[in-house]
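Data first, discussion second: the structure below is written as structure tokens.
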Amino acid sequence: MDLKEQIRKSLKGDLNSFNQIVLEYQNLVYNQAYRMMGEGASAEDAAQEAFISAYKKLHTYRGGSFKSWLLRIVSNACYDEFRRRKRQPIAPLFPEDKNGNELDSVSWLEGNEEKPEDYVLRSELSDAIQTCLDRLEFEFRTIVVLVDLQGMDYASAAKVIDRPLGTVKSRLARARRNLKDCLQNFRELLPVEFRQVGEV
Amino acid sequence: MRITDKDWIQLSAYLDDELSGKELEQLQKRLKSDSQLQAALEELNATKQILKSAPQIPAPRRFTLTPEMVGWKEKRTINRGYRLAAALMSFLLIGVLILDFGGIFFTGAMSAVPSQKSFEVQLESMPESAADAVEEPALMDAAAEPEAVAGEDLEVTEHEEVFAAEDTPAEEALAVAVEAAEESLAEGIAGDEQEEKTLDADGTTGANRAQVGEGDLQNTQQALPTQTPEPAPVVIDYLSKEEIPDPDSSPRLPTLRILEILFGLGVIGFSAAAWFKRRKSS
């Protein structure tokens, strides 16, 4: 069943059809949410809210890029979640178990399919990128995630954040400059080919 | 040469192929000659590649929706349906009430002055022969035909009895008229008997007797001193049989009452259901 058919059935109230869309796009949505929120719990909440909101607002989808439409909803959901968390900071400083106790081992870093050292390296690079993203203002971060991580063009990104094309262009350039400076602090984590660039 | 903010914007757009026209040409020219600008472009490109290479984080769980997550929408739709149904029932109830009470008012049943139609209905409900007697001077015709007097006299007597039993103002007037006609007829018959004898003696034919009869009619009409000139016939638009309500059975009224009760119960029921749903969901 293609996307149009799934959307058509979802509009008639078929939740199973919409859940097929959810399964198809959940990695994209969660990644966007994670990069914008900077941590897992908030990203999960934002992603879930985004899917609920997408289901409710599905009638507003008028064709075109479904990915852009969905990412716009994710961005709005993240922004709402970001403001909510800002008012009521509840994110733990350290990882917690299901009972809310702090984890004193590194077991939470362990992956099932990846070597621990690779996972750590990948995770550390990912964390380094995230740390630098978190230092950006929320809107700058959103544009970088949309263009550099999700691979959107400027026009689509402008639609998602509802800003003029010139704004996207200038803010992206400024965000990249800041990220460039920030990533110099994590040179040892960068792949070899990128380390040389910083030395120039 | 120092790199300005505008240069960074152009370099960033150049990396994404979002630069065109003159800007693109100028930047390409500058890049060939400006090593600092080239270095800045490389740094920006490296940053872009690092971001691009950032690992995709798999969703930690399924984000599929459950009916509970979106349930409020269905509840709201149901609630809205109840409210709409209650509103519809209210409109229908008002419509039926207008039809019921408004219908009575406009047909004149609640009016003090009887309408022409209600008078017509009364006339229609009278015995057919009596109504004819009021509107048409049939008795005068009867007086003009002496031969039929004996038979008709019997009929008039029967009517008298019927009218006396019913005792209505119109029938009383009719009875008075009949009495007056009888008296004049009795006088006419006495005169006729004398003339008949004379005619028989003269050998008059039946045709002559008919002519004499016509003369008698004129004499009879002149012999009624109290007879007023006949009024111009009034053309009355009679109701058709379907339009005349049957006083014994009126099916419209109970039907409307039943509808009023049903719609009233509907309004109360749907309103209560909407209220309960709203309270439950809140």
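Labeling convention for the structure tokens: chains A, B, ... as they appear, residues from 1 per chain, ligands from 1 in order of appearance.
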message: Which residues are near Thr60 in chain A? Cut-off 12 Å, only C-alpha atoms, ignore same chain within fewer than 6 positions. Put them as an MDAnalysis selection string.
response: chainID A and resid 7 11 53:54 66 69:70 73
Pull N, CA and C atoms from the residues just selected and write them as an mmCIF file, in the first residue's frame.
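Here's the written file part-v1.cif:
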```cif
data_model
loop_
_atom_site.group_PDB
_atom_site.id
_atom_site.type_symbol
_atom_site.label_atom_id
_atom_site.label_comp_id
_atom_site.auth_asym_id
_atom_site.auth_seq_id
_atom_site.Cartn_x
_atom_site.Cartn_y
_atom_site.Cartn_z
ATOM 1 N N ILE A 7 -2.628 7.419 3.552
ATOM 2 C CA ILE A 7 -3.155 8.708 4.032
ATOM 3 C C ILE A 7 -4.673 8.748 3.860
ATOM 4 N N LEU A 11 -7.333 9.131 6.876
ATOM 5 C CA LEU A 11 -8.304 10.231 6.949
ATOM 6 C C LEU A 11 -9.709 9.718 7.250
ATOM 7 N N SER A 53 -0.139 14.690 16.721
ATOM 8 C CA SER A 53 -0.523 15.934 16.051
ATOM 9 C C SER A 53 -0.702 15.722 14.543
ATOM 10 N N ALA A 54 0.185 14.900 13.969
ATOM 11 C CA ALA A 54 0.091 14.611 12.525
ATOM 12 C C ALA A 54 -1.217 13.895 12.200
ATOM 13 N N PHE A 66 5.566 14.829 1.738
ATOM 14 C CA PHE A 66 5.022 14.433 3.043
ATOM 15 C C PHE A 66 6.097 14.567 4.123
ATOM 16 N N TRP A 69 6.208 18.114 5.265
ATOM 17 C CA TRP A 69 5.012 18.388 6.081
ATOM 18 C C TRP A 69 5.185 17.797 7.482
ATOM 19 N N LEU A 70 5.687 16.544 7.526
ATOM 20 C CA LEU A 70 5.852 15.859 8.804
ATOM 21 C C LEU A 70 6.945 16.518 9.651
ATOM 22 N N ILE A 73 5.794 19.541 11.445
ATOM 23 C CA ILE A 73 5.054 19.205 12.672
ATOM 24 C C ILE A 73 6.018 18.804 13.781
#
```
field: Counting only C-alpha atoms, chain A residues within 9 Å of chain B, as a ChimeraX atom specification
entry: /A:15-16,18-23,26-31,34,40,44,47-48,51-52,55-56,122-123,125-126,129,144-145,148-151,153-154,169-174,176-177,179-180,183,190-191,193-194,197-198,200
Expected file contents, prior selection, C-alpha atoms, as a compact mmCIF listing (two decimals), in the first residue's frame:
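Dumped everything to selection_17.txt:
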```
# COMPACT_ATOMS: atom_id res chain seq x y z
CA LEU A 15 -5.55 3.98 12.71
CA ASN A 16 -3.73 0.89 11.43
CA PHE A 18 -1.64 5.63 9.98
CA ASN A 19 0.49 3.38 12.17
CA GLN A 20 2.10 1.99 9.02
CA ILE A 21 3.13 5.56 8.18
CA VAL A 22 4.40 5.95 11.74
CA LEU A 23 6.59 2.87 11.45
CA GLN A 26 9.57 7.05 13.08
CA ASN A 27 13.40 6.94 12.69
CA LEU A 28 13.38 10.17 10.71
CA VAL A 29 11.08 11.84 13.21
CA TYR A 30 12.98 10.60 16.23
CA ASN A 31 16.33 11.68 14.77
CA TYR A 34 16.69 13.99 19.16
CA GLY A 40 16.33 10.94 24.52
CA GLU A 44 10.59 10.60 22.63
CA ALA A 47 8.18 12.46 18.55
CA GLN A 48 5.07 10.94 20.10
CA PHE A 51 2.70 11.73 15.46
CA ILE A 52 -0.47 12.42 17.45
CA TYR A 55 -2.86 12.25 12.85
CA LYS A 56 -5.12 15.05 14.01
CA ARG A 122 30.37 6.59 17.37
CA SER A 123 28.49 7.59 20.41
CA LEU A 125 31.21 11.66 17.95
CA SER A 126 27.45 11.77 18.04
CA ILE A 129 28.00 16.87 17.44
CA VAL A 144 21.15 22.93 10.58
CA VAL A 145 19.38 19.69 11.42
CA ASP A 148 22.69 19.08 7.01
CA LEU A 149 21.23 16.10 8.84
CA GLN A 150 17.95 15.59 7.01
CA GLY A 151 19.30 16.75 3.63
CA ASP A 153 17.04 22.11 0.38
CA TYR A 154 16.69 25.73 1.46
CA LYS A 169 20.58 31.08 4.13
CA SER A 170 22.09 33.53 6.60
CA ARG A 171 21.25 31.55 9.72
CA LEU A 172 22.61 28.35 8.27
CA ALA A 173 25.89 30.06 7.41
CA ARG A 174 26.17 31.47 10.90
CA ARG A 176 27.90 26.33 10.42
CA ARG A 177 30.57 28.79 11.44
CA LEU A 179 29.67 24.52 14.68
CA LYS A 180 33.03 24.62 12.91
CA LEU A 183 33.97 20.92 16.65
CA LEU A 190 36.67 13.32 14.25
CA PRO A 191 37.48 10.96 11.39
CA GLU A 193 40.11 13.09 6.88
CA PHE A 194 38.40 15.84 8.86
CA VAL A 197 41.08 20.27 7.61
CA GLY A 198 41.12 21.82 11.04
CA VAL A 200 45.00 24.14 7.88
```
task: Between A:Glu5, A:Glu81, A:Glu124, A:Asp45, single out the one closest to Phe138 in chain A, counting only C-alpha atoms.
output: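 The closest residue to Phe138 in chain A is A:Glu81.
For the pair CA of Gly81 in chain B and CA of Gly269 in chain B, the separation is 12.7 Å.
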